[in-house]
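Peer 1: Have a look at this one.
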Amino acid sequence: MIDRSLFEDTSTAFALKSDSELERAYFLFKMISSQPLVRIGTAATNFALKANLPVEGLIRSTVFDHFCGGVNEEDCLPVIDKLYTKGVSSVLDYSVEGKETEEQFDNALEKILKIIHFCDDRDAMPIVVFKPTGFGRFYLYQKKSEGKDFTADEQEEWNRIVGRFDAVCKLAKAKDVEVLIDGEESWMQDAADDLVESMMRAYNKGKTIVYNTLQTYRWDRLDYLRQLHERARKEGFKIGMKIVRGAYMEKERSRAEDNGYESPICENKKATDDNFNNTLKYILENLEDISVFIGTHNEDSCYLAMELMEKYNISKDDNNVWFGQLYGMSDHISYNLAAIGYNVAKYIPFGPVKDVMPYLIRRAEENTSVAGQTNRELSLLKSEKKRRKL
């Protein structure tokens with residue numbers, strides 16, 4: 001039987017936090033719980049960075065250090081080593097967004113290849129991650145998804161994107177490091193899906209190396225997985241899937257409304273939760289063909305995964321099942337799961353403070369819009385402060 005009070009254990013959840021780090025986390029989530037404060041803070045931070053005001057030290061010592069591992073890979077090592085003392089692995093996430101030039105895409109490729117080499121001799125880092133638009137222009141993915149023909153120059157540019165994907169997957173296969181490829185907006189995702197599937201076909205023979213991402217707030221994703229599963233069985237390759245709820249809901253809905261097509265997003269939260277849980281169930285029923293990275297901060301979905309693993313006699317440390325949460329969030333899930341033997345990894349964003357700010361701002365806004373998440377973090381931090389008599 002699964003212990004349904006597992007995630008209440010705050011002494012395990014916050015064992016790595018000093019008293020001052022605990023106080024800082026409480027202060028940050030208290031700030032994030034206020035929408036007006038997040039709006040004002042975001043505007044002020046953006047202004048200060050654009051005006052080159054000396055605020056990086058302040059950002060670094062507060063929100064950056066809570067949600068990020070450091071400014072570069074070496075900077076992240078103390079965090080990675082510390083997490084691993086509690087059995088939690090790390091996925092280094094180079095969280096620099098919005099790049100548009102070939103030079104920037106080549107730099108991103110070099111960064112990911114460097115991280116794979118970095119992972120090679122560290123048990124604490126079995127997985128790397130990148131975004132499709134980190135390796136090529138959004139416009140090209142969109143044009144390909146819409147079935148439009150490329151110009152000769154665009155085709156060459158697309159071939160370079162394919163080459164970058166292939167370079168990462170090939171090295172990852174050689175070094176036995178797994179690769180998570182993030183999901184993005186629906187109107188560019190078909191091209192990304194096709195490209196990732198071609199990488200699975202090439203590199204997921206016998207063992208899963210390449211993982212795509214299913215954003216289950218889209219109502220069509222479980223059907224897509226079933227069709228992919230059929231192709232994989234016929235052609236003899238394994239599927240890797242990171243499953244998440246999703247990150248672009250407002251943007252998706254407003255674009256569908258503006259352009260007069262049916263929204264790809266589930267009609268409400270319950271439908272999204274059901275879709276996530278049904279997708280999880282489908283994968284765990286087909287674990288011989290599909291490996292899963294369960295990217296969620298939802299406690300009910302984690303309990304469901306544990307119950308299904310018990311039901312289907314899947315061992316806690318089966319490498320085909322990983323749980324993942326973001327660094328700085330849901331420690332009560334990550335550390336309590338790891339403490340009883342499940343595979344757990346934290347996504348650890350890193351990069352120059354200025355470049356990582358769009359990511360951090362999005363995190364703050366997401367937390368503000370999911371009030372339950374922030375309130376839960378606050379109540380657990382409060383319990384631990386009380387336990388420590390702070």
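Each chain of the structure tokens is named A, B, ... in the order shown, its residues numbered from 1; ligands are numbered from 1 in display order.
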Per DSSP on the backbone, what are the helix (DSSP H, G or I) residues of segment 120-333 of chain A, as a ChimeraX atom specification?

Peer 2: /A:120,132-134,138-145,152-175,186-203,221-235,249-259,269-285,299-311,331-333

Peer 1: Which neighbours of segment 355-359 of chain A fall inside 12 Å, counting only C-alpha atoms, when residues of the same chain fewer than 6 positions from it are skipped, and could you give them as number ranges by chain?

Peer 2: A: 41-43, 45-50, 56, 59-60, 63-65, 67-72, 93-99, 247, 326, 348-349, 365-366

Peer 1: Between A:Ala44, A:Val344, A:Leu360, A:Leu381, which one has atoms that come closest to Lys17 of chain A, using only C-alpha atoms?

Peer 2: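 Looking at the shortest contact to Lys17 of chain A, the residue is A:Leu381.
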
Peer 1: Compile the contact shell of segment 176-185 of chain A as JSON, numbers by chain: residues with an atom at most 9 Å away, counting only C-alpha atoms, same-chain residues fewer than 4 positions apart removed.

Peer 2: {"A": [116, 119, 120, 125, 126, 127, 128, 129, 130, 131, 132, 133, 168, 169, 171, 172, 189, 192, 193, 196, 208, 209, 210, 211, 212, 213, 214, 215, 240, 241, 242, 246, 247, 248, 251, 252, 293]}

Peer 1: Using only C-alpha atoms for the distances, tell me which of A:Thr12, A:Thr216, A:Ile2, A:Asp149 is nearest to Lys270 of chain A.

Peer 2: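 Checking each of A:Thr12, A:Thr216, A:Ile2, A:Asp149 against Lys270 of chain A, counting only C-alpha atoms, the winner is A:Thr216.
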
Peer 1: Output as a PyMOL selection string all residues of segment 92-219 of chain A that backbone DSSP marks as strand (DSSP E).

Peer 2: chain A and resi 92-94+127-130+178-181+210-215

Peer 1: Output the selection as a short mmCIF file (atom, residue, chain, number, x, y, z; two decimals), in the first residue's frame - N, CA and C atoms for each residue.

Peer 2:
```cif
data_model
loop_
_atom_site.label_atom_id
_atom_site.label_comp_id
_atom_site.auth_asym_id
_atom_site.auth_seq_id
_atom_site.Cartn_x
_atom_site.Cartn_y
_atom_site.Cartn_z
N LEU A 92 20.76 19.41 -16.02
CA LEU A 92 21.17 20.80 -16.24
C LEU A 92 20.40 21.38 -17.42
N ASP A 93 19.74 22.51 -17.20
CA ASP A 93 18.88 23.12 -18.21
C ASP A 93 19.43 24.52 -18.54
N TYR A 94 20.07 24.63 -19.70
CA TYR A 94 20.62 25.91 -20.13
C TYR A 94 19.45 26.81 -20.55
N ILE A 127 20.97 12.67 -17.40
CA ILE A 127 20.01 13.20 -18.39
C ILE A 127 20.39 14.63 -18.78
N VAL A 128 20.22 14.98 -20.08
CA VAL A 128 20.35 16.38 -20.53
C VAL A 128 19.04 16.81 -21.18
N VAL A 129 18.90 18.11 -21.43
CA VAL A 129 17.65 18.62 -22.00
C VAL A 129 17.96 19.79 -22.93
N PHE A 130 17.15 19.93 -23.99
CA PHE A 130 17.20 21.16 -24.80
C PHE A 130 15.84 21.43 -25.42
N GLU A 178 20.76 10.19 -21.33
CA GLU A 178 19.44 10.34 -21.94
C GLU A 178 19.16 11.81 -22.26
N VAL A 179 18.39 12.03 -23.34
CA VAL A 179 18.14 13.39 -23.84
C VAL A 179 16.65 13.68 -23.82
N LEU A 180 16.26 14.70 -23.06
CA LEU A 180 14.87 15.16 -23.05
C LEU A 180 14.75 16.36 -23.99
N ILE A 181 13.80 16.30 -24.93
CA ILE A 181 13.60 17.42 -25.86
C ILE A 181 12.25 18.06 -25.51
N VAL A 210 16.50 8.92 -26.47
CA VAL A 210 15.85 10.17 -26.88
C VAL A 210 14.40 10.20 -26.38
N TYR A 211 14.04 11.31 -25.72
CA TYR A 211 12.68 11.51 -25.20
C TYR A 211 12.07 12.75 -25.84
N ASN A 212 10.84 12.62 -26.33
CA ASN A 212 10.07 13.80 -26.73
C ASN A 212 9.27 14.27 -25.51
N THR A 213 8.51 15.35 -25.66
CA THR A 213 7.66 15.83 -24.56
C THR A 213 6.22 15.89 -25.02
N LEU A 214 5.33 15.32 -24.18
CA LEU A 214 3.88 15.42 -24.42
C LEU A 214 3.31 16.43 -23.45
N GLN A 215 2.71 17.49 -23.97
CA GLN A 215 2.02 18.47 -23.12
C GLN A 215 0.55 18.06 -23.06
#
```

Peer 1: Show me, as a JSON list (two decimals) with N, CA and C atoms, in the first residue's frame, the residues that have an atom within 12 Å of Leu287 of chain A when counting only C-alpha atoms, minus same-chain residues fewer than 3 positions from it.

Peer 2:
```json
[["chain", "number", "residue", "atom", "x", "y", "z"],
["A", 207, "LYS", "N", 17.56, 0.44, -26.24],
["A", 207, "LYS", "CA", 17.51, 1.26, -25.01],
["A", 207, "LYS", "C", 17.02, 2.66, -25.35],
["A", 208, "THR", "N", 16.28, 3.26, -24.45],
["A", 208, "THR", "CA", 15.75, 4.60, -24.70],
["A", 208, "THR", "C", 16.80, 5.65, -24.37],
["A", 229, "HIS", "N", 3.18, 4.82, -30.94],
["A", 229, "HIS", "CA", 3.45, 3.50, -30.36],
["A", 229, "HIS", "C", 3.30, 2.40, -31.44],
["A", 238, "LYS", "N", 12.34, 2.07, -29.48],
["A", 238, "LYS", "CA", 11.71, 2.41, -28.20],
["A", 238, "LYS", "C", 11.27, 3.87, -28.22],
["A", 239, "ILE", "N", 10.25, 4.16, -27.43],
["A", 239, "ILE", "CA", 9.76, 5.54, -27.28],
["A", 239, "ILE", "C", 10.21, 6.07, -25.92],
["A", 240, "GLY", "N", 10.69, 7.31, -25.92],
["A", 240, "GLY", "CA", 10.92, 8.01, -24.66],
["A", 240, "GLY", "C", 9.96, 9.19, -24.60],
["A", 241, "MET", "N", 9.25, 9.36, -23.49],
["A", 241, "MET", "CA", 8.31, 10.48, -23.35],
["A", 241, "MET", "C", 8.45, 11.15, -22.00],
["A", 280, "LEU", "N", -0.28, 8.72, -18.45],
["A", 280, "LEU", "CA", 0.62, 8.03, -17.52],
["A", 280, "LEU", "C", 0.28, 6.54, -17.43],
["A", 281, "LYS", "N", -1.01, 6.27, -17.31],
["A", 281, "LYS", "CA", -1.47, 4.87, -17.20],
["A", 281, "LYS", "C", -1.12, 4.09, -18.47],
["A", 282, "TYR", "N", -1.37, 4.71, -19.63],
["A", 282, "TYR", "CA", -1.08, 4.05, -20.91],
["A", 282, "TYR", "C", 0.41, 3.69, -21.00],
["A", 283, "ILE", "N", 1.26, 4.61, -20.58],
["A", 283, "ILE", "CA", 2.71, 4.37, -20.66],
["A", 283, "ILE", "C", 3.13, 3.26, -19.70],
["A", 284, "LEU", "N", 2.66, 3.32, -18.45],
["A", 284, "LEU", "CA", 3.07, 2.31, -17.47],
["A", 284, "LEU", "C", 2.53, 0.91, -17.83],
["A", 290, "ILE", "N", 7.84, 1.83, -23.97],
["A", 290, "ILE", "CA", 7.87, 3.28, -23.71],
["A", 290, "ILE", "C", 8.51, 3.57, -22.36],
["A", 291, "SER", "N", 9.51, 4.45, -22.33],
["A", 291, "SER", "CA", 10.08, 4.94, -21.06],
["A", 291, "SER", "C", 9.46, 6.30, -20.76],
["A", 292, "VAL", "N", 9.36, 6.62, -19.47],
["A", 292, "VAL", "CA", 8.66, 7.87, -19.13],
["A", 292, "VAL", "C", 9.44, 8.69, -18.11],
["A", 293, "PHE", "N", 9.43, 10.01, -18.33],
["A", 293, "PHE", "CA", 9.92, 10.99, -17.36],
["A", 293, "PHE", "C", 8.68, 11.76, -16.93],
["A", 308, "LEU", "N", 0.28, 2.70, -9.59],
["A", 308, "LEU", "CA", 0.32, 1.91, -10.83],
["A", 308, "LEU", "C", 1.61, 1.08, -10.91],
["A", 309, "MET", "N", 2.72, 1.66, -10.46],
["A", 309, "MET", "CA", 3.98, 0.91, -10.46],
["A", 309, "MET", "C", 3.86, -0.32, -9.55],
["A", 312, "TYR", "N", 1.57, -2.93, -11.31],
["A", 312, "TYR", "CA", 2.18, -3.64, -12.45],
["A", 312, "TYR", "C", 3.55, -4.22, -12.11],
["A", 313, "ASN", "N", 3.87, -4.28, -10.80],
["A", 313, "ASN", "CA", 5.16, -4.84, -10.35],
["A", 313, "ASN", "C", 6.37, -4.19, -11.02],
["A", 314, "ILE", "N", 6.32, -2.86, -11.15],
["A", 314, "ILE", "CA", 7.46, -2.12, -11.69],
["A", 314, "ILE", "C", 8.32, -1.69, -10.50],
["A", 315, "SER", "N", 9.59, -2.07, -10.50],
["A", 315, "SER", "CA", 10.42, -1.74, -9.34],
["A", 315, "SER", "C", 10.64, -0.22, -9.27],
["A", 318, "ASP", "N", 13.39, 1.18, -11.47],
["A", 318, "ASP", "CA", 13.41, 0.83, -12.90],
["A", 318, "ASP", "C", 13.79, 2.07, -13.71],
["A", 319, "ASN", "N", 14.85, 1.97, -14.51],
["A", 319, "ASN", "CA", 15.35, 3.16, -15.23],
["A", 319, "ASN", "C", 14.37, 3.68, -16.28],
["A", 320, "ASN", "N", 13.32, 2.93, -16.58],
["A", 320, "ASN", "CA", 12.32, 3.40, -17.56],
["A", 320, "ASN", "C", 11.30, 4.36, -16.93],
["A", 321, "VAL", "N", 11.40, 4.58, -15.62],
["A", 321, "VAL", "CA", 10.47, 5.51, -14.95],
["A", 321, "VAL", "C", 11.25, 6.49, -14.10]]
```

Peer 1: Tell me which of A:Ile80, A:Ile115, A:Ala202, A:Ala15 sits closest to Ala345 of chain A, counting only C-alpha atoms.

Peer 2: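 For Ala345 of chain A, the nearest of the given residues is A:Ile80.
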
Peer 1: What does the structure give for the distance between atom CA of Tyr327 of chain A and atom CA of Arg387 of chain A, in Å to one decimal?

Peer 2: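 Here the two named atoms are 22.9 Å from each other.
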
Peer 1: Quick one: residues within 7 Å of segment 294-307 of chain A, only C-alpha atoms, excluding same-chain residues fewer than 6 positions away - as a list in words?

Peer 2: Ile2, Lys242, Ile243, Val244, Asn277, Trp322, Phe323, Gly324, Gln325 and Ser330 of chain A

Peer 1: Hey, what's within 12 Å of Ile340 of chain A if we count only C-alpha atoms and toss same-chain stuff fewer than 6 positions away? As a PyMOL selection string, please?

Peer 2: chain A and resi 2-3+6-7+12+86-88+306+315-317+333-334

Peer 1: Which polymer residues have any atom within 12 Å of an atom of Asp106 of chain A, counting only C-alpha atoms, with same-chain residues fewer than 3 positions away left out, as a list of chain:residue names?

Peer 2: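 These residues fall inside the cut-off: A:Lys99, A:Glu100, A:Thr101, A:Glu102, A:Glu103, A:Leu109, A:Glu110, A:Lys111, A:Ile112, A:Leu113, A:Thr133, A:Gly134, A:Phe135, A:Gly136, A:Glu157, A:Arg160, A:Ile161, A:Gly163, A:Arg164, A:Phe165, A:Ala167, A:Val168.
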
Peer 1: Using only N, CA and C atoms, please write the residues we just selected to a file, as a PDB file, in the first residue's frame.

Peer 2:
```pdb
ATOM      1  N   LYS A  99      16.705  33.122 -28.776  1.00  0.00           N
ATOM      2  CA  LYS A  99      17.815  33.363 -29.685  1.00  0.00           C
ATOM      3  C   LYS A  99      17.364  33.164 -31.138  1.00  0.00           C
ATOM      4  N   GLU A 100      18.035  33.847 -32.071  1.00  0.00           N
ATOM      5  CA  GLU A 100      17.546  33.869 -33.461  1.00  0.00           C
ATOM      6  C   GLU A 100      18.607  33.671 -34.539  1.00  0.00           C
ATOM      7  N   THR A 101      19.889  33.664 -34.175  1.00  0.00           N
ATOM      8  CA  THR A 101      20.918  33.617 -35.221  1.00  0.00           C
ATOM      9  C   THR A 101      21.605  32.255 -35.264  1.00  0.00           C
ATOM     10  N   GLU A 102      22.181  31.947 -36.425  1.00  0.00           N
ATOM     11  CA  GLU A 102      22.895  30.672 -36.589  1.00  0.00           C
ATOM     12  C   GLU A 102      24.040  30.544 -35.578  1.00  0.00           C
ATOM     13  N   GLU A 103      24.707  31.660 -35.318  1.00  0.00           N
ATOM     14  CA  GLU A 103      25.812  31.626 -34.348  1.00  0.00           C
ATOM     15  C   GLU A 103      25.305  31.247 -32.954  1.00  0.00           C
ATOM     16  N   LEU A 109      24.261  24.481 -29.286  1.00  0.00           N
ATOM     17  CA  LEU A 109      24.682  23.101 -29.558  1.00  0.00           C
ATOM     18  C   LEU A 109      25.968  22.780 -28.788  1.00  0.00           C
ATOM     19  N   GLU A 110      26.962  23.673 -28.877  1.00  0.00           N
ATOM     20  CA  GLU A 110      28.233  23.435 -28.174  1.00  0.00           C
ATOM     21  C   GLU A 110      28.002  23.298 -26.666  1.00  0.00           C
ATOM     22  N   LYS A 111      27.075  24.113 -26.155  1.00  0.00           N
ATOM     23  CA  LYS A 111      26.763  24.069 -24.724  1.00  0.00           C
ATOM     24  C   LYS A 111      26.182  22.702 -24.340  1.00  0.00           C
ATOM     25  N   ILE A 112      25.246  22.182 -25.142  1.00  0.00           N
ATOM     26  CA  ILE A 112      24.628  20.884 -24.822  1.00  0.00           C
ATOM     27  C   ILE A 112      25.653  19.753 -24.957  1.00  0.00           C
ATOM     28  N   LEU A 113      26.485  19.804 -26.002  1.00  0.00           N
ATOM     29  CA  LEU A 113      27.526  18.773 -26.166  1.00  0.00           C
ATOM     30  C   LEU A 113      28.483  18.798 -24.972  1.00  0.00           C
ATOM     31  N   THR A 133      13.619  25.089 -30.283  1.00  0.00           N
ATOM     32  CA  THR A 133      13.941  26.438 -30.772  1.00  0.00           C
ATOM     33  C   THR A 133      15.273  26.950 -30.229  1.00  0.00           C
ATOM     34  N   GLY A 134      15.954  26.140 -29.396  1.00  0.00           N
ATOM     35  CA  GLY A 134      17.325  26.466 -29.029  1.00  0.00           C
ATOM     36  C   GLY A 134      18.277  26.163 -30.181  1.00  0.00           C
ATOM     37  N   PHE A 135      17.807  25.321 -31.118  1.00  0.00           N
ATOM     38  CA  PHE A 135      18.658  24.864 -32.227  1.00  0.00           C
ATOM     39  C   PHE A 135      18.221  25.397 -33.585  1.00  0.00           C
ATOM     40  N   GLY A 136      17.175  26.216 -33.637  1.00  0.00           N
ATOM     41  CA  GLY A 136      16.730  26.746 -34.928  1.00  0.00           C
ATOM     42  C   GLY A 136      15.542  27.679 -34.765  1.00  0.00           C
ATOM     43  N   GLU A 157      19.016  25.716 -44.000  1.00  0.00           N
ATOM     44  CA  GLU A 157      18.926  26.084 -42.580  1.00  0.00           C
ATOM     45  C   GLU A 157      18.291  24.945 -41.782  1.00  0.00           C
ATOM     46  N   ARG A 160      20.618  22.151 -41.147  1.00  0.00           N
ATOM     47  CA  ARG A 160      21.538  22.426 -40.033  1.00  0.00           C
ATOM     48  C   ARG A 160      20.868  22.125 -38.689  1.00  0.00           C
ATOM     49  N   ILE A 161      19.568  22.416 -38.594  1.00  0.00           N
ATOM     50  CA  ILE A 161      18.815  22.080 -37.362  1.00  0.00           C
ATOM     51  C   ILE A 161      18.848  20.568 -37.145  1.00  0.00           C
ATOM     52  N   GLY A 163      20.982  18.493 -38.255  1.00  0.00           N
ATOM     53  CA  GLY A 163      22.363  18.142 -37.902  1.00  0.00           C
ATOM     54  C   GLY A 163      22.659  18.374 -36.427  1.00  0.00           C
ATOM     55  N   ARG A 164      22.121  19.470 -35.873  1.00  0.00           N
ATOM     56  CA  ARG A 164      22.344  19.766 -34.443  1.00  0.00           C
ATOM     57  C   ARG A 164      21.653  18.713 -33.564  1.00  0.00           C
ATOM     58  N   PHE A 165      20.411  18.397 -33.900  1.00  0.00           N
ATOM     59  CA  PHE A 165      19.692  17.344 -33.158  1.00  0.00           C
ATOM     60  C   PHE A 165      20.510  16.046 -33.201  1.00  0.00           C
ATOM     61  N   ALA A 167      23.707  15.522 -33.812  1.00  0.00           N
ATOM     62  CA  ALA A 167      24.988  15.578 -33.091  1.00  0.00           C
ATOM     63  C   ALA A 167      24.787  15.307 -31.603  1.00  0.00           C
ATOM     64  N   VAL A 168      23.714  15.889 -31.035  1.00  0.00           N
ATOM     65  CA  VAL A 168      23.422  15.687 -29.606  1.00  0.00           C
ATOM     66  C   VAL A 168      23.038  14.235 -29.337  1.00  0.00           C
TER      67      VAL A 168
END
```
